[in-house]
Protein chains: 2
Amino acid sequence: MSSPSAPSSAWAAVDERRLWARHEKMARIGATPGGGVNRQALSPEDAAARQLMVRWAQDLDLTTATDPIGNLYVRLPGTEAGLAPVLTGSHLDSQPTGGRFDGTYGVLAGLEALQAIRQSGVQPRRPIDLVAWTNEEGSRFLPGCMGSGVFSGLMSIEELRPATDWNGTTVESALATLHAATPDVPTYAAPPPHAYLEAHIEQGPLLETADTTIGVVTGIQGARRYAVEVTGEEAHAGTTPLKNRRDALRTAITMVAELNREMEAGGEAVRFTVGRFDVEPGSPNTVPGRVQFSIDFRHPDLTAMKQLGGRIEPICQANAGSCSVYVQLIDDMPPTAFAPAVVDLVDRQTAALGYSKMRLPSGAGHDAMYLARVCPTGMIFVPCEKGISHNEAENAKPDDLAAGARVLTACLVELTDA
Amino acid sequence: MSSPSAPSSAWAAVDERRLWARHEKMARIGATPGGGVNRQALSPEDAAARQLMVRWAQDLDLTTATDPIGNLYVRLPGTEAGLAPVLTGSHLDSQPTGGRFDGTYGVLAGLEALQAIRQSGVQPRRPIDLVAWTNEEGSRFLPGCMGSGVFSGLMSIEELRPATDWNGTTVESALATLHAATPDVPTYAAPPPHAYLEAHIEQGPLLETADTTIGVVTGIQGARRYAVEVTGEEAHAGTTPLKNRRDALRTAITMVAELNREMEAGGEAVRFTVGRFDVEPGSPNTVPGRVQFSIDFRHPDLTAMKQLGGRIEPICQANAGSCSVYVQLIDDMPPTAFAPAVVDLVDRQTAALGYSKMRLPSGAGHDAMYLARVCPTGMIFVPCEKGISHNEAENAKPDDLAAGARVLTACLVELTDA
């Protein structure tokens with residue numbers, strides 16, 4: 001069953017119109033005036049999205065399940081009882097002003113795959129469990145990827161329950177409300193997964209720019225976040241000679257300029273962003289006494305990440321001049337390398353289906369980051385318009401979405417027989 | 001009446017303790033935890049400061065007046081009705097994290113002079129009008145020196161009314177609120193001023209370094225202010241390659257770094273400051289789409305000022321890269337030379353009172369800049385601690401403040417009899 005041609009009967013049943021129609025319907029839940037969605041984790045909209053998923057599953061005669069952290073599972077049974085399931089899915093929660101495809105696509109592509117496999121008459125050996133992970137975005141409750149973090153054993157639900165949103169609502173009470181919305185869904189029980197494959201929009205411009213349909217995702221780049229504080233001394237802009245100044249802004253821009261030079265020289269794969277830059281007191285005729293800026297540094301390769309990342313604090317210190325600088329490492333996530341077998345599988349099936357493809361790492365974090373710690377994992381990317389994401393303007397083409405669903409279907413069928 | 005000894009009866013009535021006590025009381029309005037003041041132009045704190053001035057004037061049986069731009073006047077009448085008044089004063093507004101003496105000293109020294117003259121029984125021929133000018137600092141609303149600019153006819157109130165602060169509040173609505181706070185103050189009416197003399201802390205280190213009590217101010221260096229707006233495009237920090245970005249922050253810091261290099265090479269007299277630097281959207285994982293920054297450039301020499309100042313816009317344009325840039329010249333003040341007669345008067349009275357003195361230009365801009373266009377003008381400086389100003393740590397010695405008030409009193413008496 002593992003020759004490229006075998007699963008064709010299943011992938012051919014993927015229905016582009018049906019997949020698009022489900023996106024349209026799901027997008028109405030938490031729809032924003034700007035054409036995006038506000039469906040934040042564990043909100044009434046999030047609950048409504050899960051209720052819709054449960055109804056769709058029931059229409060397809062598929063069973064659903066959940067767990068204490070609120071992940072929602074939809075099962076296509078396998079022929080051999082008790083085998084470790086193949087997992088696919090993503091998330092239904094969104095940013096406050098998010099798009100219609102980020103996360104949702106992976107869930108609906110998974111549902112489309114399950115339906116296509118059933119229609120095609122293919123009998124998978126292993127069960128296929130479609131999962132909608134809880135709170136991937138982390139915009140309402142921190143940290144993100146709670147569902148996959150707890151599932152993979154890398155987060156403790158006991159530690160997450162007291163986390164609160166801006167209104168003081170706890171994860172614990174929000175979870176109770178969420179579970180109450182789908183009272184008849186039983187608790188999920190299964191052996192550790194055999195493999196995990198997630199479909200997602202790229203959220204970047206590479207596929208569209210290269211006019212390529214499928215992104216064969218090799219892993220997720222590592223990310224470091226820093227908060228840098230530069231302290232000088234406020235002084236009068238008209239009276240203080242340049243050489244007598246301890247200008248925090250001047251020092252900070254020298255640091256950032258130097259960091260930019262170093263990172264640019266670090267090659268194509270480097271992502272380096274200063275997104276916040278707060279100046280005090282922020283008056284046109286006062287020499288700034290304090291600047292705080294953020295650093296977001298990402299790289300797919302651990303060695304390069306450590307080497308380049310290791311330059312950040314020294315460069316800040318070396319350019320502090322007459323000011324003092326405090327560099328705080330806030331977050332340090334190493335790169336994730338997906339299982340070569342799964343990456344090759346996606347590559348091979350994409351070729352078998354005749355779609356253009358390129359290998360690339362994921363720039364953004366995903367639930368696959370955590371699944372990769374417990375089972376062979378991979379991802380399939382499809383293009384999104386201008387690479388715009390985390391934005392109401394987020395958009396994708398129906399035929400690209402369907403292409404990704406076909407590759408996903410073909411891969412899932414092969415994985416279930418391994 | 002113009003011999004150095006004549007006004008002694010008046011200057012001798014200056015009360016160091018009373019002057020210091022008024023500084024203490026005024027410093028409570030908008031007091032900051034750091035020991036400074038935040039009393040920005042046309043704010044509730046600014047209004048409260050004016051209300052306190054009105055109360056003090058009433059206690060001294062002095063009349064008050066105001067005008068459309070919100071300048072507050074306190075009059076000591078002269079013996080000959082209808083003569084052009086002698087003006088003195090400064091401003092009560094402060095920087096966001098400003099000091100207790102910048103501006104405030106000139107107003108309170110003027111009030112002390114009026115009180116001392118009245119106590120001494122001296123009958124001035126001309127009226128003496130103490131003025132608290134509106135928005136000298138220009139930290140909330142640009143340009144600064146609005147009050148003296150409009151008074152001197154060099155600014156048009158119609159053009160200033162639409163100016164907004166960072167919250168979108170207009171000068172017009174803020175002025176309406178300010179005037180409502182002192183409803184019973186009538187409108188100021190007087191002939192063009194006979195002379196203007198302003199007392200101020202030096203805001204620089206020269207007097208303290210030379211252990212000198214009185215600065216005889218010869219003029220004010222020229223100043224240009226610019227607002228620069230850099231527009232790029234927001235993008236995802238994790239997915240967008242550096243070469244595909246239109247990073248407004250990155251472009252802006254390149255401009256500022258290049259400007260700093262050029263200005264440093266311009267010699268000792270150059271003053272160049274970027275004090276505001278606002279980044280949008282200001283999210284750590286989003287590439288900035290817009291940056292707005294301020295430029296404050298000053299020089300005592302007109303030729304050098306034009307030559308170096310002329311480099312500012314070209315340098316911004318040359319470093320715009322993939323972003324667009326808009327450079328707006330907000331304010332352009334050539335260097336000011338004070339009237340020799342007034343400078344000599346201050347010099348002579350300082351000598352008569354036996355204080356150490358030195359002649360120096362002002363590094364900072366002052367309302368005197370605008371008054372110098374319409375009447376003989378001068379300034380009196382007193383030392384401030386370490387030359388620190390526009391800073392909560394700004395400080396001055398009670399006896400220096402009193403010395404400046406005595407020189408001011410002596411000069412005002414002589415000016416009123418001229």
# chains A, B, ... in the order shown; residues from 1 in each chain; ligands from 1
>>> closest_atom_pairs(of="segment 180-278 of chain A", to="segment 350-368 of chain B", cutoff="12 Å", atoms="only C-alpha atoms", output="JSON lines")
{"residue": "A:Ala235", "atom": "CA", "partner": "B:Ala364", "partner_atom": "CA", "distance": 11.4}
{"residue": "A:His236", "atom": "CA", "partner": "B:Ala364", "partner_atom": "CA", "distance": 7.7}
{"residue": "A:Ala237", "atom": "CA", "partner": "B:Ala364", "partner_atom": "CA", "distance": 7.6}
{"residue": "A:Gly238", "atom": "CA", "partner": "B:Ala364", "partner_atom": "CA", "distance": 4.5}
{"residue": "A:Thr239", "atom": "CA", "partner": "B:Gly363", "partner_atom": "CA", "distance": 4.4}
{"residue": "A:Thr240", "atom": "CA", "partner": "B:Gly363", "partner_atom": "CA", "distance": 8.0}
{"residue": "A:Pro241", "atom": "CA", "partner": "B:Gly363", "partner_atom": "CA", "distance": 9.5}
>>> interface_residues(of="chain B", to="chain A", cutoff="8 Å", atoms="only C-alpha atoms", output="PyMOL selection string")
chain B and resi 95-97+138-139+203-204+235-242+249-250+253-254+256-257+264+268-279+281-288+294-296+298+362-365+388-391
>>> calpha_fit_and_write(fixed="chain A", moving="chain B", output="compact mmCIF listing (two decimals) with C-alpha atoms, in the first residue's frame")
# COMPACT_ATOMS: atom_id res chain seq x y z
CA MET B 1 -3.00 -0.76 1.25
CA SER B 2 0.28 1.12 0.80
CA SER B 3 0.39 1.37 -2.98
CA PRO B 4 -0.17 4.93 -4.33
CA SER B 5 -3.49 3.94 -5.91
CA ALA B 6 -5.13 2.42 -2.85
CA PRO B 7 -6.18 5.59 -1.02
CA SER B 8 -7.57 7.14 -4.18
CA SER B 9 -11.10 6.30 -3.09
CA ALA B 10 -10.59 8.57 -0.10
CA TRP B 11 -8.66 11.51 -1.58
CA ALA B 12 -11.14 11.69 -4.45
CA ALA B 13 -13.88 12.56 -1.95
CA VAL B 14 -12.15 15.82 -0.96
CA ASP B 15 -14.57 18.61 -1.89
CA GLU B 16 -12.90 21.89 -2.94
CA ARG B 17 -16.09 23.95 -2.54
CA ARG B 18 -16.89 22.53 0.90
CA LEU B 19 -13.35 23.19 2.09
CA TRP B 20 -13.49 26.79 0.81
CA ALA B 21 -16.93 27.37 2.34
CA ARG B 22 -15.62 26.32 5.77
CA HIS B 23 -12.72 28.78 5.39
CA GLU B 24 -15.25 31.50 4.56
CA LYS B 25 -17.34 30.66 7.62
CA MET B 26 -14.38 30.40 10.00
CA ALA B 27 -13.01 33.73 8.68
CA ARG B 28 -16.10 35.52 10.01
CA ILE B 29 -14.99 34.76 13.57
CA GLY B 30 -12.73 37.70 14.53
CA ALA B 31 -13.00 39.18 11.03
CA THR B 32 -11.11 42.49 10.66
CA PRO B 33 -12.10 45.42 8.42
CA GLY B 34 -8.99 44.71 6.34
CA GLY B 35 -10.27 41.26 5.38
CA GLY B 36 -8.11 39.32 7.83
CA VAL B 37 -8.80 37.91 11.28
CA ASN B 38 -7.97 38.89 14.86
CA ARG B 39 -8.53 35.64 16.72
CA GLN B 40 -5.78 35.64 19.31
CA ALA B 41 -5.14 32.70 21.61
CA LEU B 42 -7.70 32.01 24.36
CA SER B 43 -9.80 35.03 23.36
CA PRO B 44 -13.61 34.96 22.99
CA GLU B 45 -13.01 34.66 19.21
CA ASP B 46 -10.73 31.66 19.76
CA ALA B 47 -13.47 30.06 21.90
CA ALA B 48 -16.07 30.76 19.20
CA ALA B 49 -13.84 29.10 16.57
CA ARG B 50 -13.61 25.97 18.75
CA GLN B 51 -17.38 25.95 19.27
CA LEU B 52 -17.80 26.00 15.49
CA MET B 53 -15.35 23.08 15.15
CA VAL B 54 -17.32 21.12 17.76
CA ARG B 55 -20.56 21.76 15.84
CA TRP B 56 -18.96 20.63 12.57
CA ALA B 57 -17.64 17.47 14.27
CA GLN B 58 -21.08 16.71 15.69
CA ASP B 59 -22.64 17.17 12.22
CA LEU B 60 -20.19 14.51 10.95
CA ASP B 61 -20.93 12.29 13.94
CA LEU B 62 -17.29 12.59 15.07
CA THR B 63 -16.36 12.71 18.77
CA THR B 64 -14.45 15.66 20.30
CA ALA B 65 -12.13 15.93 23.29
CA THR B 66 -9.88 18.50 24.97
CA ASP B 67 -7.06 18.64 27.52
CA PRO B 68 -5.85 21.00 30.29
CA ILE B 69 -3.92 23.29 27.88
CA GLY B 70 -7.04 23.62 25.73
CA ASN B 71 -6.10 21.60 22.63
CA LEU B 72 -9.27 20.50 20.80
CA TYR B 73 -9.38 16.97 19.30
CA VAL B 74 -11.79 15.49 16.73
CA ARG B 75 -11.57 11.71 16.30
CA LEU B 76 -12.23 9.45 13.33
CA PRO B 77 -12.16 5.98 14.98
CA GLY B 78 -9.98 3.14 13.68
CA THR B 79 -10.94 -0.48 13.18
CA GLU B 80 -8.46 -1.73 15.82
CA ALA B 81 -9.19 -0.32 19.25
CA GLY B 82 -6.29 0.90 21.40
CA LEU B 83 -3.80 1.55 18.57
CA ALA B 84 -1.70 4.72 18.69
CA PRO B 85 -3.56 7.41 16.68
CA VAL B 86 -2.32 9.25 13.61
CA LEU B 87 -2.47 12.98 14.34
CA THR B 88 -3.12 15.84 11.93
CA GLY B 89 -4.07 19.46 12.45
CA SER B 90 -2.71 22.93 13.13
CA HIS B 91 -4.11 25.95 15.04
CA LEU B 92 -7.12 28.29 14.97
CA ASP B 93 -5.55 31.26 16.82
CA SER B 94 -4.23 34.16 14.76
CA GLN B 95 -2.00 37.20 14.89
CA PRO B 96 -3.68 40.51 15.97
CA THR B 97 -3.95 41.45 12.28
CA GLY B 98 -3.58 37.96 10.88
CA GLY B 99 -4.78 36.12 7.79
CA ARG B 100 -7.57 33.64 7.16
CA PHE B 101 -5.38 30.63 6.30
CA ASP B 102 -2.42 30.57 8.70
CA GLY B 103 -3.19 27.55 10.92
CA THR B 104 -6.87 27.47 10.05
CA TYR B 105 -6.07 25.74 6.75
CA GLY B 106 -4.35 22.81 8.51
CA VAL B 107 -7.34 22.30 10.80
CA LEU B 108 -9.96 22.56 8.05
CA ALA B 109 -7.89 20.40 5.64
CA GLY B 110 -7.74 17.81 8.42
CA LEU B 111 -11.51 17.96 8.92
CA GLU B 112 -11.98 17.65 5.15
CA ALA B 113 -9.69 14.58 5.17
CA LEU B 114 -11.69 12.94 7.98
CA GLN B 115 -14.94 13.63 6.14
CA ALA B 116 -13.53 12.39 2.82
CA ILE B 117 -12.21 9.18 4.37
CA ARG B 118 -15.55 8.49 6.03
CA GLN B 119 -17.45 9.23 2.81
CA SER B 120 -15.14 7.00 0.79
CA GLY B 121 -15.92 4.03 3.01
CA VAL B 122 -12.24 3.47 3.76
CA GLN B 123 -11.85 1.88 7.20
CA PRO B 124 -8.56 3.08 8.80
CA ARG B 125 -6.86 0.65 11.18
CA ARG B 126 -5.68 3.41 13.50
CA PRO B 127 -7.82 6.29 14.77
CA ILE B 128 -7.10 9.65 13.13
CA ASP B 129 -7.16 12.55 15.60
CA LEU B 130 -7.55 16.03 14.17
CA VAL B 131 -6.07 18.59 16.59
CA ALA B 132 -6.45 22.37 16.92
CA TRP B 133 -3.41 23.24 19.05
CA THR B 134 -3.64 26.08 21.63
CA ASN B 135 -1.76 29.38 21.14
CA GLU B 136 0.58 28.58 18.28
CA GLU B 137 1.09 32.26 17.42
CA GLY B 138 2.38 33.47 20.76
CA SER B 139 1.27 37.02 20.01
CA ARG B 140 -0.90 37.37 23.12
CA PHE B 141 0.82 34.92 25.46
CA LEU B 142 4.48 33.89 25.21
CA PRO B 143 5.79 31.38 24.32
CA GLY B 144 3.94 30.23 21.19
CA CYS B 145 3.08 26.58 20.48
CA MET B 146 1.85 26.14 24.05
CA GLY B 147 -0.61 23.42 23.09
CA SER B 148 1.83 21.23 21.17
CA GLY B 149 4.61 22.08 23.63
CA VAL B 150 2.62 20.72 26.57
CA PHE B 151 1.23 17.77 24.54
CA SER B 152 4.76 16.69 23.63
CA GLY B 153 5.95 17.08 27.22
CA LEU B 154 8.49 19.78 26.31
CA MET B 155 6.59 22.50 28.17
CA SER B 156 5.10 22.36 31.65
CA ILE B 157 1.55 23.66 31.98
CA GLU B 158 2.33 24.60 35.60
CA GLU B 159 4.99 27.00 34.33
CA LEU B 160 2.71 28.41 31.62
CA ARG B 161 -0.36 29.14 33.79
CA PRO B 162 1.01 32.36 35.37
CA ALA B 163 2.00 33.88 31.98
CA THR B 164 0.07 37.13 31.36
CA ASP B 165 -0.99 39.16 28.35
CA TRP B 166 -0.57 42.97 28.14
CA ASN B 167 -3.71 43.39 30.31
CA GLY B 168 -2.36 41.15 33.04
CA THR B 169 -4.78 38.32 32.21
CA THR B 170 -3.15 34.98 33.04
CA VAL B 171 -3.10 31.87 30.83
CA GLU B 172 -4.77 30.08 33.75
CA SER B 173 -7.83 32.35 33.85
CA ALA B 174 -8.04 32.56 30.04
CA LEU B 175 -7.98 28.74 29.86
CA ALA B 176 -10.79 28.52 32.42
CA THR B 177 -12.92 30.85 30.26
CA LEU B 178 -12.07 28.82 27.14
CA HIS B 179 -13.02 25.48 28.67
CA ALA B 180 -16.26 27.00 29.99
CA ALA B 181 -17.22 27.79 26.38
CA THR B 182 -17.26 24.05 25.45
CA PRO B 183 -18.44 22.48 28.74
CA ASP B 184 -19.58 19.13 27.31
CA VAL B 185 -16.28 18.20 25.64
CA PRO B 186 -14.61 15.30 27.53
CA THR B 187 -10.91 15.00 28.33
CA TYR B 188 -8.66 13.53 25.62
CA ALA B 189 -7.08 10.15 26.35
CA ALA B 190 -4.92 8.21 23.85
CA PRO B 191 -1.55 6.47 23.56
CA PRO B 192 1.39 8.54 22.25
CA PRO B 193 0.83 9.34 18.55
CA HIS B 194 1.95 6.98 15.78
CA ALA B 195 2.72 9.91 13.45
CA TYR B 196 1.86 13.57 12.88
CA LEU B 197 1.25 15.31 9.55
CA GLU B 198 0.36 19.02 9.33
CA ALA B 199 -0.89 20.93 6.30
CA HIS B 200 -0.12 24.68 6.15
CA ILE B 201 0.22 27.58 3.74
CA GLU B 202 3.89 28.19 2.98
CA GLN B 203 3.90 31.75 4.37
CA GLY B 204 6.76 32.43 1.99
CA PRO B 205 7.18 33.07 -1.75
CA LEU B 206 9.04 29.94 -2.90
CA LEU B 207 6.16 27.74 -4.14
CA GLU B 208 4.36 30.58 -5.93
CA THR B 209 7.59 31.78 -7.52
CA ALA B 210 8.34 28.24 -8.76
CA ASP B 211 4.70 27.79 -9.87
CA THR B 212 4.57 24.63 -7.74
CA THR B 213 1.47 23.26 -5.98
CA ILE B 214 2.86 21.15 -3.12
CA GLY B 215 5.78 21.85 -0.79
CA VAL B 216 7.30 18.68 0.67
CA VAL B 217 8.63 20.10 3.94
CA THR B 218 11.96 18.68 5.08
CA GLY B 219 12.18 20.46 8.48
CA ILE B 220 11.92 23.76 10.36
CA GLN B 221 14.61 26.36 10.98
CA GLY B 222 15.63 27.06 14.57
CA ALA B 223 14.22 30.04 16.47
CA ARG B 224 15.09 32.06 19.54
CA ARG B 225 12.83 34.62 21.18
CA TYR B 226 13.97 37.25 23.65
CA ALA B 227 12.23 39.90 25.76
CA VAL B 228 14.45 42.91 26.40
CA GLU B 229 13.68 45.54 29.03
CA VAL B 230 15.53 48.86 29.11
CA THR B 231 15.10 51.03 32.20
CA GLY B 232 16.09 54.71 32.33
CA GLU B 233 14.43 57.69 34.04
CA GLU B 234 11.43 59.85 33.09
CA ALA B 235 12.22 63.54 32.66
CA HIS B 236 10.71 66.79 31.34
CA ALA B 237 11.28 67.02 27.58
CA GLY B 238 11.60 70.80 27.62
CA THR B 239 13.98 71.29 30.50
CA THR B 240 16.28 68.25 30.75
CA PRO B 241 19.58 68.59 28.80
CA LEU B 242 20.32 65.63 26.49
CA LYS B 243 23.49 64.72 28.39
CA ASN B 244 21.59 64.55 31.72
CA ARG B 245 18.99 62.13 30.37
CA ARG B 246 18.63 58.42 30.93
CA ASP B 247 16.41 58.03 27.86
CA ALA B 248 15.18 54.43 27.63
CA LEU B 249 13.87 54.84 24.08
CA ARG B 250 17.10 56.33 22.81
CA THR B 251 19.10 53.52 24.37
CA ALA B 252 16.74 50.84 23.05
CA ILE B 253 16.91 52.10 19.45
CA THR B 254 20.70 52.16 19.65
CA MET B 255 20.62 48.50 20.67
CA VAL B 256 18.19 47.54 17.92
CA ALA B 257 20.14 49.48 15.27
CA GLU B 258 23.35 47.70 16.31
CA LEU B 259 21.63 44.29 16.34
CA ASN B 260 20.21 44.94 12.86
CA ARG B 261 23.69 45.76 11.54
CA GLU B 262 25.15 42.57 12.99
CA MET B 263 22.34 40.33 11.73
CA GLU B 264 22.39 41.82 8.22
CA ALA B 265 26.05 40.87 8.01
CA GLY B 266 25.11 37.31 9.04
CA GLY B 267 24.03 36.19 5.57
CA GLU B 268 20.91 35.38 3.54
CA ALA B 269 19.53 32.71 5.88
CA VAL B 270 19.24 35.00 8.92
CA ARG B 271 15.77 36.06 10.07
CA PHE B 272 15.80 38.84 12.71
CA THR B 273 12.74 40.80 13.81
CA VAL B 274 11.84 43.32 16.52
CA GLY B 275 8.04 43.16 16.41
CA ARG B 276 7.01 44.67 19.75
CA PHE B 277 8.42 47.91 21.11
CA ASP B 278 6.49 49.31 24.09
CA VAL B 279 7.40 52.72 25.48
CA GLU B 280 6.49 54.14 28.92
CA PRO B 281 4.98 56.55 29.77
CA GLY B 282 4.41 57.24 26.07
CA SER B 283 3.83 60.99 26.42
CA PRO B 284 5.18 63.33 23.71
CA ASN B 285 6.76 65.74 26.23
CA THR B 286 8.20 63.21 28.67
CA VAL B 287 11.55 61.44 28.21
CA PRO B 288 10.73 57.68 28.21
CA GLY B 289 11.68 55.86 31.41
CA ARG B 290 11.15 52.32 30.16
CA VAL B 291 11.09 50.36 26.89
CA GLN B 292 10.31 46.67 26.43
CA PHE B 293 10.99 45.08 23.05
CA SER B 294 10.84 41.59 21.57
CA ILE B 295 13.46 39.81 19.47
CA ASP B 296 12.65 36.96 17.06
CA PHE B 297 15.80 35.34 15.64
CA ARG B 298 15.82 32.29 13.31
CA HIS B 299 18.33 30.28 11.32
CA PRO B 300 18.22 26.84 9.65
CA ASP B 301 21.79 25.96 10.72
CA LEU B 302 22.46 25.12 14.37
CA THR B 303 26.10 26.29 14.41
CA ALA B 304 25.34 29.64 12.76
CA MET B 305 22.35 30.03 15.05
CA LYS B 306 24.39 29.56 18.20
CA GLN B 307 27.17 31.83 16.97
CA LEU B 308 24.96 34.75 15.86
CA GLY B 309 22.42 34.22 18.63
CA GLY B 310 25.23 34.40 21.14
CA ARG B 311 25.90 38.00 20.03
CA ILE B 312 22.43 39.27 20.99
CA GLU B 313 22.79 39.75 24.74
CA PRO B 314 26.36 41.14 24.58
CA ILE B 315 25.28 43.72 22.00
CA CYS B 316 22.36 44.82 24.22
CA GLN B 317 24.63 45.09 27.26
CA ALA B 318 27.32 46.95 25.34
CA ASN B 319 24.81 49.59 24.21
CA ALA B 320 22.98 50.11 27.53
CA GLY B 321 24.74 53.42 28.19
CA SER B 322 23.29 55.13 31.28
CA CYS B 323 20.27 52.79 31.36
CA SER B 324 19.99 49.29 32.76
CA VAL B 325 19.01 46.39 30.49
CA TYR B 326 17.55 42.95 31.17
CA VAL B 327 17.70 40.41 28.34
CA GLN B 328 15.50 37.36 28.83
CA LEU B 329 15.70 34.31 26.55
CA ILE B 330 12.08 33.20 26.35
CA ASP B 331 12.28 30.46 23.77
CA ASP B 332 15.14 28.54 22.12
CA MET B 333 14.20 25.99 19.44
CA PRO B 334 17.03 24.28 17.55
CA PRO B 335 16.44 23.48 13.86
CA THR B 336 14.09 20.51 13.33
CA ALA B 337 14.58 17.72 10.74
CA PHE B 338 11.38 15.82 9.86
CA ALA B 339 11.25 12.00 9.73
CA PRO B 340 12.58 10.85 6.30
CA ALA B 341 9.82 8.20 6.12
CA VAL B 342 7.10 10.87 6.42
CA VAL B 343 8.86 13.28 4.06
CA ASP B 344 9.18 10.45 1.50
CA LEU B 345 5.50 9.51 2.00
CA VAL B 346 4.36 13.08 1.22
CA ASP B 347 6.69 13.18 -1.78
CA ARG B 348 5.38 9.84 -3.10
CA GLN B 349 1.66 10.58 -2.63
CA THR B 350 2.08 14.02 -4.25
CA ALA B 351 3.64 12.33 -7.26
CA ALA B 352 0.89 9.69 -7.30
CA LEU B 353 -1.76 12.42 -7.39
CA GLY B 354 0.13 14.18 -10.18
CA TYR B 355 0.81 17.51 -8.49
CA SER B 356 3.98 19.56 -9.04
CA LYS B 357 6.17 19.53 -5.92
CA MET B 358 9.41 20.77 -4.36
CA ARG B 359 11.26 19.95 -1.15
CA LEU B 360 11.89 22.93 1.16
CA PRO B 361 12.48 23.75 4.84
CA SER B 362 9.92 25.76 6.75
CA GLY B 363 10.91 29.34 7.57
CA ALA B 364 8.19 29.61 10.16
CA GLY B 365 7.85 27.67 13.38
CA HIS B 366 4.92 25.27 13.62
CA ASP B 367 3.40 22.88 16.13
CA ALA B 368 5.07 20.13 14.06
CA MET B 369 8.33 21.34 15.68
CA TYR B 370 7.23 19.85 19.01
CA LEU B 371 5.45 16.81 17.60
CA ALA B 372 8.69 15.88 15.77
CA ARG B 373 10.22 15.24 19.23
CA VAL B 374 7.70 12.52 20.06
CA CYS B 375 6.69 10.84 16.77
CA PRO B 376 7.53 10.67 13.04
CA THR B 377 6.41 14.04 11.72
CA GLY B 378 6.01 15.89 8.45
CA MET B 379 4.30 18.86 6.83
CA ILE B 380 2.60 19.68 3.56
CA PHE B 381 2.81 23.25 2.22
CA VAL B 382 0.54 24.91 -0.33
CA PRO B 383 1.31 28.29 -1.97
CA CYS B 384 0.00 31.59 -0.57
CA GLU B 385 -0.31 34.79 -2.60
CA LYS B 386 3.04 36.62 -2.87
CA GLY B 387 4.19 34.68 0.18
CA ILE B 388 2.36 37.23 2.35
CA SER B 389 1.37 35.96 5.80
CA HIS B 390 0.81 37.38 9.31
CA ASN B 391 -1.05 40.00 7.36
CA GLU B 392 -4.74 40.68 6.68
CA ALA B 393 -3.96 40.39 2.96
CA GLU B 394 -2.91 36.72 3.35
CA ASN B 395 -4.57 34.72 0.55
CA ALA B 396 -4.54 31.28 -1.13
CA LYS B 397 -6.24 29.59 -4.11
CA PRO B 398 -9.16 27.17 -3.52
CA ASP B 399 -7.65 24.59 -5.87
CA ASP B 400 -4.25 24.71 -4.14
CA LEU B 401 -5.95 24.29 -0.75
CA ALA B 402 -7.90 21.29 -2.11
CA ALA B 403 -4.74 19.79 -3.63
CA GLY B 404 -3.02 19.94 -0.23
CA ALA B 405 -6.07 18.34 1.42
CA ARG B 406 -5.99 15.49 -1.13
CA VAL B 407 -2.31 14.80 -0.49
CA LEU B 408 -3.00 14.97 3.27
CA THR B 409 -5.90 12.53 2.93
CA ALA B 410 -3.86 10.07 0.91
CA CYS B 411 -0.97 10.23 3.39
CA LEU B 412 -3.24 9.85 6.45
CA VAL B 413 -4.87 6.75 5.00
CA GLU B 414 -1.47 5.19 4.37
CA LEU B 415 -0.23 6.14 7.87
CA THR B 416 -3.28 4.65 9.56
CA ASP B 417 -2.58 1.30 7.96
CA ALA B 418 1.13 1.22 8.84
>>> select_by_dssp(residues="segment 110-318 of chain B", states="strand (DSSP E)", output="PyMOL selection string")
chain B and resi 128-133+195-201+214-220+222-231+235-236+271-273+277-280+286-287+290-299
>>> select_by_dssp(residues="segment 190-417 of chain B", states="helix (DSSP H, G or I)", output="PyMOL selection string")
chain B and resi 206-209+242-244+248-264+302-309+312-318+340-352+368-371+385-387+398-417
